[in-house]
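> Pasting in a structure now, in structure tokens, and then I'll have a few things to ask.
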Amino acid sequence: MSKKFIIANWKNKPETLAQAETLMSALDEYFQGQSETKQHSLVICPPFLFLEDVARLIQQSHLAHNAELGAQDVALEIQGAATGETTGVMLQKVDVRYVIIGHSERRWKLGESEETVNLKLKAALIQDFVPVVCIGEKLRDGSEREFLSEQIKKTFVGVSKDHIRRCLVAYEPVWAISTNLDAKPDTPESAAQSVKIIRGVLQEEFQLSDADMPLFLYGGSVKAHNVKSFLEQPEFSGVLVGGASVDAEEFIKILSLVV
Ligand code: PGA
């Protein structure tokens with residue numbers, strides 16, 4: 001069976017490099033006690049400010065064979081001036097391999113349009129990153145099938161089958177993300193149904209066969225107590241973990257449960 005992905009989306013945490021180092025050293029200690037065989041595909045996505053340090057800490061520790069580096073976003077400009085942005089070229093220089101694209105906080109809080117998400121996805125693919133594409137409805141009010149369908153069409157428009165297959169698609173219902181008021185995780189069964197909808201759209205709109213399908217992840221209030229129930233669904237090849245990924249104790253529990 002292929003290894004499950006665990007994508008740690010640190011978001012804008014922790015606040016200091018010293019705290020990031022403490023978190024990394026807890027992970028190092030955990031992996032020190034593990035067998036040499038890699039048990040899962042761990043991707044750590046720290047804030048841009050700490051990318052270079054986290055890259056170094058991965059290389060110098062027991063994470064070297066157990067974790068890879070991801071970024072939480074990428075500039076849509078491959079070349080050219082872009083104040084405040086971090087380009088793919090800069091990310092490559094610090095060994096970033098994965099890039100989160102279209103996270104709901106960027107879509108909804110920062111006003112990132114479908115067009116921007118699509119351009120960033122294309123920029124990430126051209127530059128050989130593995131995009132972790134976030135898809136998810138804002139509300140569960142009966143309109144989710146239609147919403148997901150529109151979002152997928154606009155996110156992937158103009159992207160080739162081969163490129164779609166290279167993506168990891170994270171189904172993250174916005175209402176289930178832990179920082180939202182009253183958030184609660186989706187049920188594994190209903191999340192798996194949503195993946196079926198996403199697969200259906202990819203099949204109909206982009207002519208993807210089963211063999212062409214990308215891998216799917218679940219994200220939204222994943223914690224130690226529920227991670228296994230999501231991964232028991234055959235639709236899911238991994239999880240995208242936000243809040244719990246910066247809580248060393250909770251995250252190590254998650255790692256120990258995903259084998
Ligand atoms: P959460 O965040 O695990 O804290 O719900 C997931 C995400 O926003 O990627």
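In the structure tokens, chains take the letters A, B, ... in the order shown, each chain's residues start at 1, and ligands count up from 1 in the order shown.
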Could you go through segment 64-182 of chain A and tell me which residues DSSP, when run on the backbone, assigns to strand (DSSP E or B), listing them as a ChimeraX atom specification?
/A:67-71,96-101,130-135,168-171
> For segment 192-209 of chain A, find every residue with an atom within 12 Å (counting only C-alpha atoms), except residues of its own chain fewer than 3 positions away, and show them as a CSV table (one decimal) with N, CA and C atoms, in the first residue's frame.

```
chain,number,residue,atom,x,y,z
A,134,CYS,N,-6.2,23.1,-2.9
A,134,CYS,CA,-7.3,23.1,-1.9
A,134,CYS,C,-8.6,23.4,-2.6
A,135,ILE,N,-9.6,22.5,-2.4
A,135,ILE,CA,-10.9,22.6,-2.9
A,135,ILE,C,-11.9,22.5,-1.8
A,136,GLY,N,-13.0,23.3,-1.8
A,136,GLY,CA,-13.9,23.0,-0.7
A,136,GLY,C,-15.0,24.1,-0.7
A,137,GLU,N,-16.2,23.6,-0.3
A,137,GLU,CA,-17.3,24.6,-0.3
A,137,GLU,C,-17.3,25.4,1.0
A,140,ARG,N,-22.3,24.4,4.0
A,140,ARG,CA,-23.1,23.2,3.6
A,140,ARG,C,-24.6,23.5,3.7
A,144,GLU,N,-23.6,22.5,-2.3
A,144,GLU,CA,-22.2,22.1,-2.4
A,144,GLU,C,-21.8,21.4,-3.7
A,145,ARG,N,-22.7,20.6,-4.3
A,145,ARG,CA,-22.3,19.9,-5.5
A,145,ARG,C,-22.0,20.9,-6.6
A,146,GLU,N,-22.9,21.9,-6.7
A,146,GLU,CA,-22.8,22.9,-7.7
A,146,GLU,C,-21.6,23.8,-7.5
A,147,PHE,N,-21.3,24.1,-6.2
A,147,PHE,CA,-20.2,25.0,-5.8
A,147,PHE,C,-18.9,24.3,-6.2
A,148,LEU,N,-18.8,23.0,-5.8
A,148,LEU,CA,-17.5,22.3,-6.0
A,148,LEU,C,-17.3,22.1,-7.5
A,149,SER,N,-18.4,21.9,-8.2
A,149,SER,CA,-18.2,21.7,-9.7
A,149,SER,C,-17.6,23.0,-10.3
A,150,GLU,N,-18.2,24.1,-9.9
A,150,GLU,CA,-17.7,25.4,-10.5
A,150,GLU,C,-16.3,25.7,-10.1
A,151,GLN,N,-16.0,25.4,-8.8
A,151,GLN,CA,-14.6,25.7,-8.3
A,151,GLN,C,-13.6,24.8,-9.0
A,152,ILE,N,-13.9,23.6,-9.2
A,152,ILE,CA,-13.0,22.7,-9.9
A,152,ILE,C,-12.7,23.1,-11.3
A,153,LYS,N,-13.8,23.4,-12.0
A,153,LYS,CA,-13.7,23.8,-13.4
A,153,LYS,C,-12.8,25.0,-13.5
A,154,LYS,N,-13.0,26.0,-12.6
A,154,LYS,CA,-12.2,27.3,-12.7
A,154,LYS,C,-10.8,27.1,-12.2
A,155,THR,N,-10.6,26.2,-11.3
A,155,THR,CA,-9.3,26.0,-10.7
A,155,THR,C,-8.4,25.3,-11.8
A,156,PHE,N,-9.0,24.3,-12.5
A,156,PHE,CA,-8.1,23.5,-13.4
A,156,PHE,C,-8.2,23.9,-14.9
A,157,VAL,N,-9.0,25.0,-15.2
A,157,VAL,CA,-9.2,25.3,-16.6
A,157,VAL,C,-7.8,25.5,-17.3
A,158,GLY,N,-7.6,24.8,-18.4
A,158,GLY,CA,-6.4,24.9,-19.2
A,158,GLY,C,-5.2,24.1,-18.7
A,159,VAL,N,-5.5,23.3,-17.6
A,159,VAL,CA,-4.4,22.4,-17.1
A,159,VAL,C,-4.6,21.0,-17.7
A,160,SER,N,-3.5,20.5,-18.2
A,160,SER,CA,-3.5,19.2,-19.0
A,160,SER,C,-3.8,18.1,-18.0
A,161,LYS,N,-4.2,16.9,-18.6
A,161,LYS,CA,-4.5,15.7,-17.8
A,161,LYS,C,-3.2,15.3,-17.0
A,162,ASP,N,-2.1,15.3,-17.7
A,162,ASP,CA,-0.8,14.9,-17.1
A,162,ASP,C,-0.5,15.8,-15.9
A,163,HIS,N,-0.8,17.1,-16.0
A,163,HIS,CA,-0.5,18.0,-14.9
A,163,HIS,C,-1.5,17.8,-13.8
A,164,ILE,N,-2.8,17.5,-14.1
A,164,ILE,CA,-3.8,17.3,-13.0
A,164,ILE,C,-3.4,16.1,-12.2
A,165,ARG,N,-2.9,15.1,-12.9
A,165,ARG,CA,-2.5,13.9,-12.2
A,165,ARG,C,-1.4,14.1,-11.2
A,169,VAL,N,-4.9,16.7,-4.5
A,169,VAL,CA,-6.1,17.6,-4.3
A,169,VAL,C,-6.7,17.4,-2.9
A,170,ALA,N,-6.6,18.5,-2.1
A,170,ALA,CA,-7.1,18.4,-0.7
A,170,ALA,C,-8.5,18.9,-0.7
A,171,TYR,N,-9.4,18.0,-0.3
A,171,TYR,CA,-10.8,18.5,-0.1
A,171,TYR,C,-10.9,19.0,1.4
A,172,GLU,N,-11.1,20.3,1.4
A,172,GLU,CA,-11.1,21.0,2.7
A,172,GLU,C,-12.4,21.9,2.8
A,173,PRO,N,-13.5,21.3,3.3
A,173,PRO,CA,-14.7,22.1,3.5
A,173,PRO,C,-14.4,23.3,4.4
A,186,ASP,N,-15.8,17.4,9.1
A,186,ASP,CA,-16.7,16.6,8.2
A,186,ASP,C,-16.7,15.2,8.7
A,187,THR,N,-17.8,14.4,8.4
A,187,THR,CA,-17.7,13.0,8.7
A,187,THR,C,-16.9,12.3,7.6
A,188,PRO,N,-16.1,11.3,7.9
A,188,PRO,CA,-15.3,10.6,6.8
A,188,PRO,C,-16.2,10.2,5.7
A,189,GLU,N,-17.4,9.7,6.0
A,189,GLU,CA,-18.3,9.2,4.9
A,189,GLU,C,-18.7,10.4,4.0
A,212,ASP,N,-6.0,8.4,-14.5
A,212,ASP,CA,-5.5,9.8,-14.6
A,212,ASP,C,-5.7,10.6,-13.3
A,213,MET,N,-6.5,10.0,-12.4
A,213,MET,CA,-7.0,10.8,-11.2
A,213,MET,C,-5.8,11.2,-10.3
A,214,PRO,N,-5.8,12.4,-9.8
A,214,PRO,CA,-4.8,12.8,-8.8
A,214,PRO,C,-5.1,12.1,-7.5
A,215,LEU,N,-4.2,12.2,-6.5
A,215,LEU,CA,-4.5,11.6,-5.2
A,215,LEU,C,-5.3,12.7,-4.4
A,216,PHE,N,-6.2,12.2,-3.5
A,216,PHE,CA,-7.0,13.1,-2.7
A,216,PHE,C,-6.6,13.1,-1.3
A,217,LEU,N,-6.7,14.3,-0.6
A,217,LEU,CA,-6.4,14.4,0.8
A,217,LEU,C,-7.6,15.0,1.5
A,218,TYR,N,-7.8,14.7,2.8
A,218,TYR,CA,-8.8,15.4,3.5
A,218,TYR,C,-8.2,16.5,4.4
A,219,GLY,N,-8.8,17.6,4.6
A,219,GLY,CA,-8.3,18.6,5.5
A,219,GLY,C,-9.5,19.3,6.2
A,229,SER,N,-9.9,7.6,11.0
A,229,SER,CA,-11.2,7.4,10.4
A,229,SER,C,-11.3,8.0,9.0
A,230,PHE,N,-10.6,9.1,8.8
A,230,PHE,CA,-10.5,9.7,7.4
A,230,PHE,C,-9.7,8.8,6.5
A,231,LEU,N,-8.6,8.3,7.0
A,231,LEU,CA,-7.7,7.5,6.2
A,231,LEU,C,-8.2,6.1,5.9
A,232,GLU,N,-9.2,5.7,6.7
A,232,GLU,CA,-9.8,4.4,6.4
A,232,GLU,C,-10.7,4.5,5.2
A,233,GLN,N,-11.1,5.7,4.8
A,233,GLN,CA,-11.8,5.8,3.5
A,233,GLN,C,-10.9,5.6,2.3
A,234,PRO,N,-11.2,4.7,1.4
A,234,PRO,CA,-10.3,4.4,0.3
A,234,PRO,C,-10.0,5.7,-0.6
A,235,GLU,N,-10.9,6.6,-0.5
A,235,GLU,CA,-10.8,7.9,-1.3
A,235,GLU,C,-9.6,8.7,-0.9
A,236,PHE,N,-9.2,8.6,0.4
A,236,PHE,CA,-8.1,9.5,0.9
A,236,PHE,C,-6.8,8.9,1.0
A,237,SER,N,-5.8,9.6,0.4
A,237,SER,CA,-4.4,9.1,0.4
A,237,SER,C,-3.6,10.0,1.4
```
> Got a sec: who's within 12 Å of Gly84 of chain A, counting only C-alpha atoms, leaving out chain neighbours fewer than 4 positions off, as a list in words?
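The contact residues come out as Phe48, Leu49, Asp73, Val74, Ala75, Leu76 and Glu77 of chain A.
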> Write the residues of the selection above to a file with N, CA, C and O atoms, as a compact mmCIF listing (two decimals), in the first residue's frame.

```txt
# COMPACT_ATOMS: atom_id res chain seq x y z
N PHE A 48 6.77 31.49 5.22
CA PHE A 48 7.92 31.82 4.36
C PHE A 48 9.14 32.25 5.16
O PHE A 48 10.27 31.92 4.83
N LEU A 49 8.87 33.01 6.24
CA LEU A 49 9.95 33.55 7.05
C LEU A 49 10.89 32.46 7.59
O LEU A 49 12.08 32.70 7.78
N ASP A 73 2.25 28.95 -0.47
CA ASP A 73 1.76 29.76 -1.60
C ASP A 73 2.94 29.95 -2.55
O ASP A 73 4.08 29.62 -2.19
N VAL A 74 2.69 30.44 -3.74
CA VAL A 74 3.79 30.78 -4.65
C VAL A 74 3.34 31.98 -5.49
O VAL A 74 2.14 32.13 -5.76
N ALA A 75 4.30 32.79 -5.87
CA ALA A 75 3.97 33.94 -6.73
C ALA A 75 3.46 33.44 -8.07
O ALA A 75 3.97 32.45 -8.60
N LEU A 76 2.48 34.13 -8.63
CA LEU A 76 2.04 33.70 -9.96
C LEU A 76 2.97 34.21 -11.04
O LEU A 76 3.02 33.68 -12.14
N GLU A 77 3.74 35.21 -10.70
CA GLU A 77 4.74 35.73 -11.65
C GLU A 77 5.96 34.82 -11.60
O GLU A 77 6.53 34.61 -10.52
```
> Sorted by chain and rising residue number, list the residues of chain A at most 10 Å from ligand 1 (counting only C-alpha atoms and all ligand atoms), each with its closest atom pair and distance in Å to one decimal, as a tab-separated table.

```
residue	atom	partner	partner_atom_place_in_ligand_line	distance
A:Ile7	CA	ligand 1	9 (O)	8.6
A:Ala8	CA	ligand 1	9 (O)	8.1
A:Asn9	CA	ligand 1	9 (O)	5.8
A:Trp10	CA	ligand 1	9 (O)	8.4
A:Lys11	CA	ligand 1	8 (O)	7.7
A:Gln72	CA	ligand 1	9 (O)	9.6
A:Ile100	CA	ligand 1	9 (O)	9.1
A:His103	CA	ligand 1	9 (O)	6.9
A:Ser104	CA	ligand 1	8 (O)	7.2
A:Glu105	CA	ligand 1	8 (O)	7.2
A:Cys134	CA	ligand 1	9 (O)	8.2
A:Ala170	CA	ligand 1	9 (O)	8.6
A:Tyr171	CA	ligand 1	9 (O)	9.6
A:Glu172	CA	ligand 1	9 (O)	7.0
A:Pro173	CA	ligand 1	8 (O)	9.2
A:Val174	CA	ligand 1	8 (O)	7.9
A:Trp175	CA	ligand 1	5 (O)	9.0
A:Ala176	CA	ligand 1	5 (O)	6.2
A:Ile177	CA	ligand 1	5 (O)	3.4
A:Ser178	CA	ligand 1	5 (O)	3.7
A:Thr179	CA	ligand 1	4 (O)	5.9
A:Asn180	CA	ligand 1	5 (O)	8.1
A:Ala183	CA	ligand 1	5 (O)	8.0
A:Lys184	CA	ligand 1	5 (O)	8.5
A:Pro185	CA	ligand 1	5 (O)	7.7
A:Tyr218	CA	ligand 1	6 (C)	8.9
A:Gly219	CA	ligand 1	6 (C)	5.2
A:Gly220	CA	ligand 1	5 (O)	3.7
A:Ser221	CA	ligand 1	5 (O)	3.5
A:Val222	CA	ligand 1	3 (O)	5.0
A:Lys223	CA	ligand 1	3 (O)	7.3
A:Val239	CA	ligand 1	3 (O)	8.9
A:Leu240	CA	ligand 1	9 (O)	5.6
A:Val241	CA	ligand 1	3 (O)	4.2
A:Gly242	CA	ligand 1	2 (O)	3.4
A:Gly243	CA	ligand 1	4 (O)	3.6
A:Ala244	CA	ligand 1	3 (O)	6.0
A:Ser245	CA	ligand 1	3 (O)	7.5
A:Val246	CA	ligand 1	4 (O)	9.5
```
> Distance atom CA of Ile254 of chain A-atom CA of Leu42 of chain A, one decimal place?
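Answer for the atom CA of Ile254 of chain A to atom CA of Leu42 of chain A separation: 11.2 Å.
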> Please compute the atom CA of Cys45 of chain A-atom CA of Asp210 of chain A distance, one decimal, in Å.
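Taking atom CA of Cys45 of chain A and atom CA of Asp210 of chain A, their separation equals 29.1 Å.
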> When distances are computed from only C-alpha atoms, which of A:Ala191, A:Ala20, A:Leu125, A:Ala67 shows the smallest separation from Val99 of chain A?
A:Leu125
> Could you list, as a list of chain:residue names, every residue within 9 Å of Leu17 of chain A, counting only C-alpha atoms and ignoring same-chain residues fewer than 5 positions away?
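In the requested form, the answer reads A:Thr22, A:Leu49, A:Phe50, A:Asp53.
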> Write the residues you've just listed into a file as an mmCIF file, in the first residue's frame, and include C-alpha atoms for each of them.

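Result file selection21.cif:
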```
data_model
loop_
_atom_site.group_PDB
_atom_site.id
_atom_site.type_symbol
_atom_site.label_atom_id
_atom_site.label_comp_id
_atom_site.auth_asym_id
_atom_site.auth_seq_id
_atom_site.Cartn_x
_atom_site.Cartn_y
_atom_site.Cartn_z
ATOM 1 C CA THR A 22 11.471 23.696 19.389
ATOM 2 C CA LEU A 49 9.954 33.549 7.051
ATOM 3 C CA PHE A 50 11.148 30.197 8.422
ATOM 4 C CA ASP A 53 15.724 27.513 8.625
#
```
